[in-house]
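Q: Take a look at target-v4.cif, mmCIF, C-alpha atoms:
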data_run
#
loop_
_atom_site.label_atom_id
_atom_site.label_comp_id
_atom_site.auth_asym_id
_atom_site.auth_seq_id
_atom_site.Cartn_x
_atom_site.Cartn_y
_atom_site.Cartn_z
CA MET P 19 -13.09 26.74 -18.18
CA ALA P 20 -12.73 25.07 -21.58
CA ASP P 21 -11.75 21.40 -21.58
CA ASP P 22 -8.60 22.03 -23.59
CA ARG P 23 -7.23 24.81 -21.40
CA PRO P 24 -3.66 23.97 -20.36
CA VAL P 25 -2.84 23.36 -16.70
CA PRO P 26 0.53 24.09 -15.01
CA LEU P 27 2.01 20.64 -15.68
CA ASP P 28 1.68 21.23 -19.40
CA GLU P 29 4.52 23.75 -19.18
CA TYR P 30 6.97 20.86 -18.75
CA PRO P 31 8.14 18.40 -21.45
CA VAL P 32 6.71 15.35 -19.70
CA HIS P 33 3.87 14.30 -22.02
CA GLN P 34 3.52 10.67 -23.09
CA VAL P 35 0.53 11.04 -25.42
CA ALA P 36 -0.95 13.84 -27.53
CA LEU P 37 -3.22 15.06 -24.74
CA SER P 38 -2.96 17.63 -22.00
CA MET P 39 -1.79 16.38 -18.61
CA ARG P 40 -5.40 16.79 -17.53
CA HIS P 41 -6.40 13.72 -19.55
CA VAL P 42 -5.24 10.11 -19.34
CA ALA P 43 -4.65 7.97 -22.42
CA THR P 44 -7.42 5.50 -21.58
CA GLY P 45 -11.16 6.01 -21.28
CA ASP P 46 -11.41 3.19 -18.73
CA ARG P 47 -13.35 4.44 -15.70
CA ASN P 48 -10.91 2.50 -13.50
CA ALA P 49 -7.88 4.67 -14.35
CA TYR P 50 -6.09 5.72 -11.17
CA ASP P 51 -2.93 7.38 -9.83
CA ARG P 52 -2.20 7.18 -6.12
CA CYS P 53 0.26 6.74 -3.26
CA ILE P 54 0.44 5.20 0.19
CA PHE P 55 2.79 5.99 3.09
CA HIS P 56 3.51 3.92 6.19
CA VAL P 57 4.96 5.50 9.33
CA LEU P 58 5.64 2.99 12.08
CA ASP P 59 7.10 3.09 15.53
CA ASP P 60 9.88 0.52 15.72
CA GLU P 61 8.51 -0.74 19.06
CA GLY P 62 5.01 -1.30 17.69
CA ARG P 63 3.25 1.41 19.69
CA ALA P 64 1.78 3.11 16.62
CA LEU P 65 1.20 2.59 12.91
CA LEU P 66 0.11 5.50 10.71
CA ILE P 67 -1.05 4.81 7.14
CA THR P 68 -1.95 7.62 4.79
CA GLY P 69 -2.57 7.88 1.08
CA LEU P 70 -4.05 9.97 -1.71
CA GLY P 71 -5.58 8.94 -5.03
CA VAL P 72 -6.72 10.56 -8.25
CA TYR P 73 -9.36 8.94 -10.49
CA PRO P 74 -9.49 11.07 -13.67
CA ASN P 75 -12.31 9.32 -15.51
CA VAL P 76 -14.75 9.53 -12.62
CA GLY P 77 -13.59 13.03 -11.60
CA VAL P 78 -12.65 12.16 -8.02
CA ILE P 79 -9.69 12.91 -5.74
CA ASP P 80 -9.61 11.37 -2.27
CA ALA P 81 -7.31 10.76 0.67
CA TYR P 82 -7.26 8.99 4.01
CA ALA P 83 -5.22 8.50 7.16
CA THR P 84 -5.49 5.79 9.81
CA LEU P 85 -3.62 5.56 13.09
CA ARG P 86 -3.50 2.44 15.23
CA THR P 87 -2.48 2.82 18.85
CA GLY P 88 -3.19 -0.06 21.19
CA ASP P 89 -6.56 -1.52 20.20
CA THR P 90 -7.93 1.72 18.76
CA LEU P 91 -7.91 2.73 15.11
CA HIS P 92 -8.62 6.36 14.20
CA ALA P 93 -9.50 7.20 10.61
CA VAL P 94 -9.96 10.43 8.66
CA ARG P 95 -11.17 10.24 5.04
CA ALA P 96 -11.87 13.02 2.56
CA SER P 97 -13.10 13.20 -1.02
CA ASP P 98 -13.74 15.98 -3.52
CA ALA P 99 -14.13 16.83 -7.17
CA LEU P 100 -10.88 16.53 -9.09
CA GLY P 101 -9.67 19.95 -10.19
CA ASP P 102 -7.31 21.17 -12.88
CA ASP P 103 -4.17 21.53 -10.76
CA ARG P 104 -2.73 18.03 -10.48
CA MET P 105 0.21 19.31 -8.41
CA ARG P 106 -2.11 20.31 -5.56
CA LEU P 107 -2.29 17.16 -3.43
CA THR P 108 -4.84 18.35 -0.89
CA VAL P 109 -8.21 16.90 0.06
CA GLY P 110 -10.05 18.28 3.09
CA PRO P 111 -7.67 18.23 6.08
CA LEU P 112 -5.18 15.89 4.35
CA ARG P 113 -2.21 17.17 2.39
CA ILE P 114 0.93 15.82 0.69
CA GLU P 115 3.67 18.27 -0.28
CA VAL P 116 6.50 17.09 -2.55
CA GLU P 117 9.41 19.18 -1.30
CA GLU P 118 12.06 17.26 -3.26
CA PRO P 119 10.88 14.54 -5.67
CA LEU P 120 11.96 11.00 -4.71
CA ARG P 121 13.74 12.43 -1.67
CA ARG P 122 11.69 14.51 0.78
CA ILE P 123 7.90 14.69 1.23
CA ARG P 124 5.82 16.45 3.86
CA LEU P 125 2.69 14.72 5.16
CA ARG P 126 0.07 16.77 6.98
CA CYS P 127 -3.36 16.28 8.52
CA ASP P 128 -5.16 19.02 10.42
CA ASP P 129 -8.20 17.41 12.00
CA GLY P 130 -9.53 17.37 15.53
CA SER P 131 -9.57 13.58 15.81
CA LEU P 132 -6.18 12.93 14.19
CA SER P 133 -3.44 15.36 13.21
CA TYR P 134 0.16 15.10 12.14
CA ASP P 135 2.97 17.07 10.54
CA LEU P 136 5.72 14.79 9.26
CA VAL P 137 8.70 14.99 6.93
CA TRP P 138 9.34 11.70 5.12
CA THR P 139 12.93 11.42 3.84
CA ALA P 140 14.14 8.64 1.53
CA ASP P 141 17.20 6.69 2.63
CA PHE P 142 17.38 4.54 -0.49
CA PRO P 143 16.67 4.97 -4.21
CA ALA P 144 13.20 4.13 -5.46
CA LEU P 145 12.82 0.54 -6.64
CA TRP P 146 10.55 -0.44 -9.52
CA GLU P 147 8.15 -3.23 -8.68
CA PRO P 148 7.21 -5.79 -11.34
CA HIS P 149 4.66 -4.74 -13.95
CA HIS P 150 1.38 -5.89 -12.41
CA LEU P 151 -1.26 -7.41 -14.71
CA GLN P 152 -4.51 -9.22 -13.95
CA ARG P 153 -7.20 -10.48 -16.31
CA ARG P 154 -10.68 -11.88 -15.91
CA GLY P 155 -11.04 -14.14 -18.88
CA ASP P 156 -9.74 -12.06 -21.79
CA ARG P 157 -10.42 -8.72 -20.15
CA LEU P 158 -7.60 -6.71 -18.57
CA THR P 159 -8.90 -5.70 -15.14
CA LEU P 160 -5.71 -4.42 -13.52
CA GLU P 161 -2.54 -2.95 -14.98
CA GLY P 162 -0.33 -1.14 -12.50
CA ARG P 163 3.11 0.37 -12.53
CA ARG P 164 4.63 0.95 -9.10
CA PHE P 165 7.74 1.95 -7.27
CA VAL P 166 8.53 1.50 -3.60
CA GLN P 167 10.92 3.32 -1.29
CA ALA P 168 12.07 3.26 2.35
CA GLY P 169 13.25 6.07 4.56
CA SER P 170 13.07 7.89 7.87
CA VAL P 171 10.41 10.17 9.31
CA GLU P 172 10.43 13.12 11.70
CA GLY P 173 7.64 15.23 13.18
CA VAL P 174 4.63 14.78 15.44
CA ILE P 175 1.39 12.75 15.51
CA ARG P 176 -1.55 13.66 17.76
CA SER P 177 -4.75 11.80 18.60
CA ALA P 178 -7.07 11.31 21.56
CA GLU P 179 -4.57 8.84 23.00
CA GLY P 180 -1.86 11.48 23.19
CA GLU P 181 1.10 12.75 21.22
CA PHE P 182 3.93 10.86 19.54
CA GLU P 183 7.24 12.54 18.78
CA VAL P 184 8.39 10.87 15.57
CA THR P 185 12.17 10.63 15.33
CA ALA P 186 14.44 9.28 12.62
CA GLY P 187 16.11 6.87 15.04
CA GLY P 188 12.97 5.24 16.39
CA TRP P 189 10.52 5.27 13.46
CA THR P 190 10.53 3.82 9.95
CA GLY P 191 8.87 5.05 6.77
CA THR P 192 7.94 3.19 3.61
CA ARG P 193 5.96 4.35 0.61
CA ASP P 194 4.47 3.07 -2.63
CA ARG P 195 3.49 5.01 -5.79
CA SER P 196 1.28 3.36 -8.37
CA TRP P 197 -0.79 4.25 -11.40
CA GLY P 198 -2.65 2.55 -14.22
CA VAL P 199 -6.02 0.77 -14.17
CA ARG P 200 -7.49 -0.84 -11.06
CA PRO P 201 -11.11 -1.85 -10.32
CA LEU P 202 -13.23 0.81 -8.62
CA PRO P 203 -16.49 0.18 -6.73
CA GLY P 204 -19.37 -0.43 -9.10
CA GLU P 205 -17.36 -2.55 -11.53
CA GLU P 206 -19.78 -4.53 -13.66
CA GLY P 207 -20.16 -8.30 -13.46
CA GLY P 208 -21.39 -9.92 -16.65
CA ARG P 209 -20.41 -13.15 -18.35
CA LEU P 210 -16.67 -12.94 -17.66
CA ALA P 211 -17.25 -12.41 -13.94
CA GLU P 212 -19.72 -15.31 -13.87
CA GLU P 213 -17.47 -17.70 -15.81
CA HIS P 214 -14.21 -16.68 -14.10
CA PRO P 215 -14.99 -16.36 -10.38
CA THR P 216 -12.20 -15.69 -7.89
CA GLU P 217 -11.57 -18.93 -6.02
CA GLY P 218 -8.75 -17.61 -3.90
CA PHE P 219 -6.17 -14.88 -3.54
CA HIS P 220 -2.88 -14.96 -1.64
CA TRP P 221 -0.77 -11.80 -1.38
CA LEU P 222 2.47 -10.72 0.30
CA TRP P 223 4.00 -7.24 -0.08
CA CYS P 224 6.95 -6.61 2.16
CA PRO P 225 9.21 -3.48 2.13
CA VAL P 226 11.91 -3.70 4.82
CA ARG P 227 14.37 -0.99 5.84
CA PHE P 228 17.67 -2.01 7.38
CA GLU P 229 20.32 0.51 8.39
CA ASP P 230 22.44 -0.04 5.28
CA ARG P 231 20.06 -1.78 2.85
CA PHE P 232 16.48 -2.10 1.67
CA LEU P 233 14.66 -5.34 0.87
CA MET P 234 11.46 -5.73 -1.15
CA VAL P 235 9.50 -8.98 -1.39
CA ILE P 236 6.30 -9.46 -3.42
CA VAL P 237 4.26 -12.63 -3.92
CA GLN P 238 0.82 -13.07 -5.47
CA GLU P 239 -0.67 -16.53 -5.98
CA ASP P 240 -3.93 -18.00 -7.22
CA ALA P 241 -5.95 -20.63 -5.39
CA ASP P 242 -3.80 -23.49 -6.69
CA GLY P 243 -0.55 -21.71 -5.83
CA TYR P 244 0.14 -20.49 -9.38
CA ARG P 245 2.30 -17.41 -8.99
CA THR P 246 1.24 -14.33 -10.95
CA LEU P 247 3.62 -11.84 -9.32
CA ASN P 248 7.05 -12.51 -7.88
CA ASP P 249 9.99 -10.41 -6.74
CA ALA P 250 12.68 -10.35 -4.08
CA THR P 251 15.25 -7.58 -4.51
CA LEU P 252 17.93 -6.22 -2.19
CA VAL P 253 18.98 -2.58 -2.63
CA ARG P 254 22.33 -1.33 -1.33
CA PRO P 255 23.62 2.15 -2.21
CA GLY P 256 26.68 1.89 -4.44
CA HIS P 257 25.88 -1.69 -5.48
CA ARG P 258 23.84 -3.22 -8.24
CA ASP P 259 20.42 -4.38 -7.03
CA ARG P 260 20.59 -8.05 -6.07
CA GLN P 261 17.79 -10.42 -7.02
CA LEU P 262 17.03 -13.03 -4.37
CA GLY P 263 15.11 -15.52 -6.42
CA TRP P 264 11.77 -17.16 -5.68
CA PRO P 265 10.66 -16.22 -2.14
CA GLN P 266 8.84 -18.91 -0.16
CA ALA P 267 6.98 -17.85 2.97
CA GLU P 268 6.15 -20.04 5.95
CA ILE P 269 3.44 -18.11 7.81
CA THR P 270 2.31 -19.03 11.33
CA TYR P 271 -1.29 -17.92 11.80
CA ARG P 272 -3.18 -17.29 15.00
CA PRO P 273 -5.33 -20.41 15.53
CA GLY P 274 -8.84 -20.07 14.14
CA THR P 275 -7.88 -17.14 11.88
CA ARG P 276 -5.71 -16.11 8.95
CA HIS P 277 -4.01 -13.46 11.04
CA PRO P 278 -0.21 -13.95 10.89
CA GLU P 279 1.72 -13.95 14.15
CA ARG P 280 5.15 -14.53 12.61
CA ALA P 281 6.69 -15.74 9.39
CA LEU P 282 9.87 -17.08 7.85
CA VAL P 283 10.57 -16.11 4.24
CA HIS P 284 13.17 -18.18 2.38
CA LEU P 285 15.24 -16.08 -0.03
CA GLY P 286 18.19 -16.48 -2.37
CA ASP P 287 19.37 -19.09 -4.78
CA PRO P 288 20.08 -22.70 -3.73
CA ARG P 289 23.81 -21.96 -3.44
CA LYS P 290 23.36 -19.33 -0.73
CA PRO P 291 19.91 -19.40 0.83
CA GLN P 292 18.87 -16.71 3.31
CA GLU P 293 16.01 -16.55 5.78
CA LEU P 294 14.01 -13.43 6.58
CA GLU P 295 12.43 -13.68 10.04
CA VAL P 296 9.23 -11.69 10.57
CA GLU P 297 7.87 -10.64 13.97
CA ILE P 298 4.48 -8.92 13.86
CA LEU P 299 4.30 -5.81 16.10
CA THR P 300 0.87 -4.32 15.34
CA SER P 301 -1.69 -4.54 12.55
CA SER P 302 -4.08 -2.33 10.59
CA PRO P 303 -6.72 -3.92 8.30
CA LEU P 304 -6.99 -1.78 5.16
CA ALA P 305 -10.74 -2.47 4.95
CA LEU P 306 -11.18 -0.46 8.17
CA GLY P 307 -10.84 3.25 7.59
CA ALA P 308 -8.40 3.16 4.68
CA GLY P 309 -10.96 2.54 1.93
CA TYR P 310 -9.67 -0.73 0.50
CA PRO P 311 -12.05 -3.56 -0.47
CA PRO P 312 -14.20 -4.97 1.03
CA ALA P 313 -14.82 -1.84 3.14
CA ASP P 314 -18.54 -1.14 3.45
CA ASP P 315 -18.41 2.48 4.67
CA TRP P 316 -16.20 4.06 1.97
CA GLN P 317 -13.91 2.90 -0.87
CA HIS P 318 -11.43 4.73 -3.08
CA GLY P 319 -12.79 6.52 -6.14
CA THR P 320 -16.32 6.74 -4.76
CA TRP P 321 -18.11 10.02 -5.44
CA ARG P 322 -19.37 11.46 -2.16
CA GLY P 323 -20.01 15.01 -3.33
CA ARG P 324 -17.87 18.08 -2.98
CA GLY P 325 -15.96 18.68 0.22
CA TRP P 326 -16.81 15.34 1.90
CA THR P 327 -14.91 14.53 5.11
CA ASP P 328 -15.58 11.61 7.44
CA ARG P 329 -14.10 10.51 10.75
CA ARG P 330 -14.31 7.07 12.32
CA THR P 331 -12.92 5.31 15.39
CA TYR P 332 -12.77 1.52 15.40
CA ASP P 333 -12.46 -0.72 18.45
CA LEU P 334 -10.16 -3.50 17.24
CA THR P 335 -11.10 -5.77 20.14
CA ALA P 336 -14.54 -6.07 18.53
CA GLY P 337 -15.17 -8.41 15.62
CA HIS P 338 -14.96 -6.83 12.16
CA PRO P 339 -15.86 -9.60 9.68
CA LEU P 340 -14.94 -7.60 6.56
CA ALA P 341 -11.38 -7.14 7.81
CA ALA P 342 -10.79 -10.87 7.51
CA TYR P 343 -11.42 -10.74 3.75
CA GLY P 344 -9.15 -7.84 2.90
CA VAL P 345 -5.46 -7.06 3.00
CA THR P 346 -3.91 -6.14 6.36
CA ASP P 347 -0.75 -4.07 6.88
CA HIS P 348 1.35 -5.38 9.75
CA ALA P 349 4.14 -3.28 11.21
CA ALA P 350 6.92 -5.78 11.77
CA ARG P 351 10.46 -6.33 12.99
CA PHE P 352 12.66 -8.29 10.57
CA ARG P 353 15.90 -10.18 10.93
CA LEU P 354 18.15 -11.08 7.99
CA ASP P 355 21.76 -12.16 7.96
CA GLY P 356 22.39 -10.86 11.48
CA ARG P 357 20.72 -7.49 10.81
CA VAL P 358 17.54 -6.12 12.38
CA GLY P 359 15.19 -4.00 10.29
CA HIS P 360 11.63 -2.68 10.31
CA GLY P 361 8.92 -2.34 7.73
CA ILE P 362 5.56 -3.62 6.57
CA PHE P 363 4.40 -7.21 6.25
CA GLU P 364 1.31 -6.67 4.09
CA HIS P 365 -0.67 -9.86 3.75
CA GLY P 366 -4.00 -11.02 2.48
CA SER P 367 -5.16 -14.62 2.10
CA PHE P 368 -8.79 -15.40 1.38
CA GLY P 369 -10.58 -18.16 -0.40
CA ARG P 370 -8.81 -21.35 -1.36
CA HIS P 371 -5.01 -21.52 -1.21
CA ASP P 372 -3.67 -25.02 -1.66
CA PRO P 373 -0.07 -24.37 -0.47
CA SER P 374 -1.39 -23.05 2.86
CA GLY P 375 -4.01 -25.76 3.27
CA PHE P 376 -6.96 -23.36 3.06
CA THR P 377 -9.84 -25.01 1.24
CA ASP P 378 -12.43 -22.20 0.85
CA PHE P 379 -13.45 -18.75 2.13
CA THR P 380 -14.37 -20.13 5.57
CA SER P 381 -11.14 -22.08 6.04
CA VAL P 382 -8.82 -20.90 8.83
CA ALA P 383 -5.64 -22.07 10.57
CA PRO P 384 -6.06 -24.96 13.01
#
Give the structure from the file, written as structure tokens.

A:
Amino acid sequence: MADDRPVPLDEYPVHQVALSMRHVATGDRNAYDRCIFHVLDDEGRALLITGLGVYPNVGVIDAYATLRTGDTLHAVRASDALGDDRMRLTVGPLRIEVEEPLRRIRLRCDDGSLSYDLVWTADFPALWEPHHLQRRGDRLTLEGRRFVQAGSVEGVIRSAEGEFEVTAGGWTGTRDRSWGVRPLPGEEGGRLAEEHPTEGFHWLWCPVRFEDRFLMVIVQEDADGYRTLNDATLVRPGHRDRQLGWPQAEITYRPGTRHPERALVHLGDPRKPQELEVEILTSSPLALGAGYPPADDWQHGTWRGRGWTDRRTYDLTAGHPLAAYGVTDHAARFRLDGRVGHGIFEHGSFGRHDPSGFTDFTSVAP
């Protein structure tokens, strides 16, 4: 097939640059376009995370799913050569079907170790997250555009531990769509990496679904507490989105770790402050099974050959040192202004972070 042959998406007037939809506007190898879904039992019995990513300039499409039940984490990962049809979101046994854009999406996995068939339905409009930029010296290393959404989920999940009937009344769904440029494995070092080392990174990403509203909180800080990303927005259908100022989180960590047990996030302006209470229900480190750094068995965008599929089971009672240096997604129960909600408390804190009292990469809570 010739490189300039049109693909189905080119039939629609959606182009942003003078290229076919097969090509992205940048030649940066780190160009990406991906999604992540969270499906969590409101009682904390199970947390399913699944996602799919496209990496046009390295020619890779991959997907993953992890399920935590009790102290066991099942993972299915698949990777393949990126084809011409960008509307076909299928890799190995993992599939995402957009039945109604921004409204209803079907999530499927047909594998012996982990399978599910779920319909994810949005309860609230999609919310744009802040434009995300990171630089190392003068070089742009990350530029992402994202939206987040919360909803309900129905269907079934099966694993070796048994079967879960997923119902709209007892389960919560969140999702995130992002695209742009983001470092892939094999990123070069060089002078800028040597002269601008990462001293510390502190991250909080928190989508919360209440019955009648949706709350999104984002915080990213450097080692000295300098904030590079900040947002706290409340979404209510029929109302203008309400900005809740500069969120400040008080996180209580399990002694001897940086694993949060609970948190209190201060929201709102000084005239009417609000407090978001966070109760951790169960946790899934993204470095285990889901392909996020610093995973040592597989990371997103890595070429594994055509038709690669891998299955892993992790015992979370055993020590996994890499998990402590990556981001962890915590299924959580939230309380705000007399309301109870559910969602994800995604947190990562490694290296120095002066506001938390962490002095280096080995520093932990007393």

Q: Counting all atoms listed in the file, which of P:Phe228, P:Trp146, P:Tyr310, P:Phe376 gets nearest to P:Gly243?

A: P:Phe376

Q: Evaluate the PyMOL selection byres ((chain P and resi 168) around 6) on the structure here and hand back the selected residues as number ranges by chain.

A: P: 140, 167, 169, 191-192, 227

Q: Could you write out the selected residues, including C-alpha atoms, as a compact mmCIF listing (two decimals), in the coordinates of the input?

A:
# COMPACT_ATOMS: atom_id res chain seq x y z
CA ALA P 140 14.14 8.64 1.53
CA GLN P 167 10.92 3.32 -1.29
CA GLY P 169 13.25 6.07 4.56
CA GLY P 191 8.87 5.05 6.77
CA THR P 192 7.94 3.19 3.61
CA ARG P 227 14.37 -0.99 5.84

Q: Of the residues P:Glu118, P:Glu161, P:Glu179, P:Glu268, which is the one nearest to P:Thr44, using all atoms listed in the file?

A: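 Looking only at the distances to P:Thr44, the closest residue turns out to be P:Glu161.
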
Q: Need to verify the contact set: P:Ala99, 12 Å, only C-alpha atoms, exclusion of same-chain residues closer than 4 positions in sequence. Can you return it as an mmCIF file with C-alpha atoms, keeping the file's coordinate frame?

A:
data_model
loop_
_atom_site.group_PDB
_atom_site.id
_atom_site.type_symbol
_atom_site.label_atom_id
_atom_site.label_comp_id
_atom_site.auth_asym_id
_atom_site.auth_seq_id
_atom_site.Cartn_x
_atom_site.Cartn_y
_atom_site.Cartn_z
ATOM 1 C CA GLY P 71 -5.580 8.940 -5.030
ATOM 2 C CA VAL P 72 -6.720 10.560 -8.250
ATOM 3 C CA TYR P 73 -9.360 8.940 -10.490
ATOM 4 C CA PRO P 74 -9.490 11.070 -13.670
ATOM 5 C CA ASN P 75 -12.310 9.320 -15.510
ATOM 6 C CA VAL P 76 -14.750 9.530 -12.620
ATOM 7 C CA GLY P 77 -13.590 13.030 -11.600
ATOM 8 C CA VAL P 78 -12.650 12.160 -8.020
ATOM 9 C CA ILE P 79 -9.690 12.910 -5.740
ATOM 10 C CA ASP P 80 -9.610 11.370 -2.270
ATOM 11 C CA ASP P 103 -4.170 21.530 -10.760
ATOM 12 C CA ARG P 104 -2.730 18.030 -10.480
ATOM 13 C CA THR P 108 -4.840 18.350 -0.890
ATOM 14 C CA VAL P 109 -8.210 16.900 0.060
ATOM 15 C CA GLY P 110 -10.050 18.280 3.090
ATOM 16 C CA GLY P 319 -12.790 6.520 -6.140
ATOM 17 C CA THR P 320 -16.320 6.740 -4.760
ATOM 18 C CA TRP P 321 -18.110 10.020 -5.440
ATOM 19 C CA ARG P 322 -19.370 11.460 -2.160
ATOM 20 C CA GLY P 323 -20.010 15.010 -3.330
ATOM 21 C CA ARG P 324 -17.870 18.080 -2.980
ATOM 22 C CA GLY P 325 -15.960 18.680 0.220
ATOM 23 C CA TRP P 326 -16.810 15.340 1.900
#

Q: For P:Arg200, which residue among P:Trp223, P:Tyr50, P:Trp316, P:Tyr332 is the nearest when counting all atoms listed in the file?

A: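 The shortest atom-to-atom distance to P:Arg200 comes from P:Tyr50.
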
Q: Nearest residue to P:Thr87 out of P:Gln266, P:Gln261, P:Ser177, P:Ser38, using only C-alpha atoms?

A: P:Ser177

Q: Please determine, counting all atoms listed in the file, which residue among P:Thr270, P:Thr216, P:Thr139, P:Ser170 has the shortest atom-to-atom distance to P:Phe379.

A: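 Answer, going by the shortest atom-to-atom distance: P:Thr216.
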
Q: Go through P:Gly366, P:Asp194, P:Ala43, P:His214 and flag the residue nearest P:Asp156, using all atoms listed in the file for the distances.

A: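 Checking each of P:Gly366, P:Asp194, P:Ala43, P:His214 against P:Asp156, counting all atoms listed in the file, the winner is P:His214.
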
Q: Can you pull out every residue within 9 Å of stretch 286-291 of chain P, counting all atoms listed in the file, but drop anything in the same chain fewer than 4 positions away, and send it as a PDB file with C-alpha atoms, in the coordinates of the input?

A:
ATOM      1  CA  ALA P 250      12.680 -10.350  -4.080  1.00  0.00           C
ATOM      2  CA  GLN P 261      17.790 -10.420  -7.020  1.00  0.00           C
ATOM      3  CA  LEU P 262      17.030 -13.030  -4.370  1.00  0.00           C
ATOM      4  CA  GLY P 263      15.110 -15.520  -6.420  1.00  0.00           C
ATOM      5  CA  TRP P 264      11.770 -17.160  -5.680  1.00  0.00           C
ATOM      6  CA  PRO P 265      10.660 -16.220  -2.140  1.00  0.00           C
TER       7      PRO P 265
END

Q: So how far away is atom CA of P:Thr377 from atom CA of P:Gly344, in Å?

A: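 Interatomic distance, atom CA of P:Gly344 to atom CA of P:Thr377: 17.3 Å.
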
Q: Determine, counting only C-alpha atoms, which protein, DNA and RNA residues have an atom within 7 Å of an atom of P:Thr190; residues of the same chain fewer than 4 positions away are not included. Present the result as a VMD selection string.

A: chain P and resid 57 to 60 169 to 171 360 to 361

Q: What does the PyMOL selection byres ((chain P and resi 247) around 12) select in this file, as a PDB file with C-alpha atoms, keeping the file's coordinate frame?

A:
ATOM      1  CA  GLU P 147       8.150  -3.230  -8.680  1.00  0.00           C
ATOM      2  CA  PRO P 148       7.210  -5.790 -11.340  1.00  0.00           C
ATOM      3  CA  HIS P 149       4.660  -4.740 -13.950  1.00  0.00           C
ATOM      4  CA  HIS P 150       1.380  -5.890 -12.410  1.00  0.00           C
ATOM      5  CA  LEU P 151      -1.260  -7.410 -14.710  1.00  0.00           C
ATOM      6  CA  GLN P 152      -4.510  -9.220 -13.950  1.00  0.00           C
ATOM      7  CA  GLY P 162      -0.330  -1.140 -12.500  1.00  0.00           C
ATOM      8  CA  PHE P 219      -6.170 -14.880  -3.540  1.00  0.00           C
ATOM      9  CA  HIS P 220      -2.880 -14.960  -1.640  1.00  0.00           C
ATOM     10  CA  TRP P 221      -0.770 -11.800  -1.380  1.00  0.00           C
ATOM     11  CA  LEU P 222       2.470 -10.720   0.300  1.00  0.00           C
ATOM     12  CA  TRP P 223       4.000  -7.240  -0.080  1.00  0.00           C
ATOM     13  CA  VAL P 235       9.500  -8.980  -1.390  1.00  0.00           C
ATOM     14  CA  ILE P 236       6.300  -9.460  -3.420  1.00  0.00           C
ATOM     15  CA  VAL P 237       4.260 -12.630  -3.920  1.00  0.00           C
ATOM     16  CA  GLN P 238       0.820 -13.070  -5.470  1.00  0.00           C
ATOM     17  CA  GLU P 239      -0.670 -16.530  -5.980  1.00  0.00           C
ATOM     18  CA  ASP P 240      -3.930 -18.000  -7.220  1.00  0.00           C
ATOM     19  CA  GLY P 243      -0.550 -21.710  -5.830  1.00  0.00           C
ATOM     20  CA  TYR P 244       0.140 -20.490  -9.380  1.00  0.00           C
ATOM     21  CA  ARG P 245       2.300 -17.410  -8.990  1.00  0.00           C
ATOM     22  CA  THR P 246       1.240 -14.330 -10.950  1.00  0.00           C
ATOM     23  CA  ASN P 248       7.050 -12.510  -7.880  1.00  0.00           C
ATOM     24  CA  ASP P 249       9.990 -10.410  -6.740  1.00  0.00           C
ATOM     25  CA  ALA P 250      12.680 -10.350  -4.080  1.00  0.00           C
ATOM     26  CA  TRP P 264      11.770 -17.160  -5.680  1.00  0.00           C
ATOM     27  CA  PRO P 265      10.660 -16.220  -2.140  1.00  0.00           C
TER      28      PRO P 265
END

Q: Just to confirm, what's the straight-line distance from atom CA of P:Thr331 to atom CA of P:Trp189 in Å (one decimal)?

A: 23.5 Å

Q: Can you tell me how far atom CA of P:Ala267 sits from atom CA of P:Val283, in Å to one decimal?

A: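 That distance, rounded to one decimal, is 4.2 Å.
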
Q: Excluding P:Arg260 and any residue of its chain fewer than 4 positions from it, enumerate the residues within 9 Å of it, using all atoms listed in the file, and give them as a list in words.

A: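 Non-adjacent residues within range: Ala250, Thr251, Leu252, Val253 and Arg254 of chain P.
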
Q: For this structure, which residues satisfy the selection - the PyMOL selection byres ((chain P and resi 225) around 6) - when it is evaluated on the file as given? I want them as a ChimeraX atom specification.

A: /P:224,226,233-234,361-362
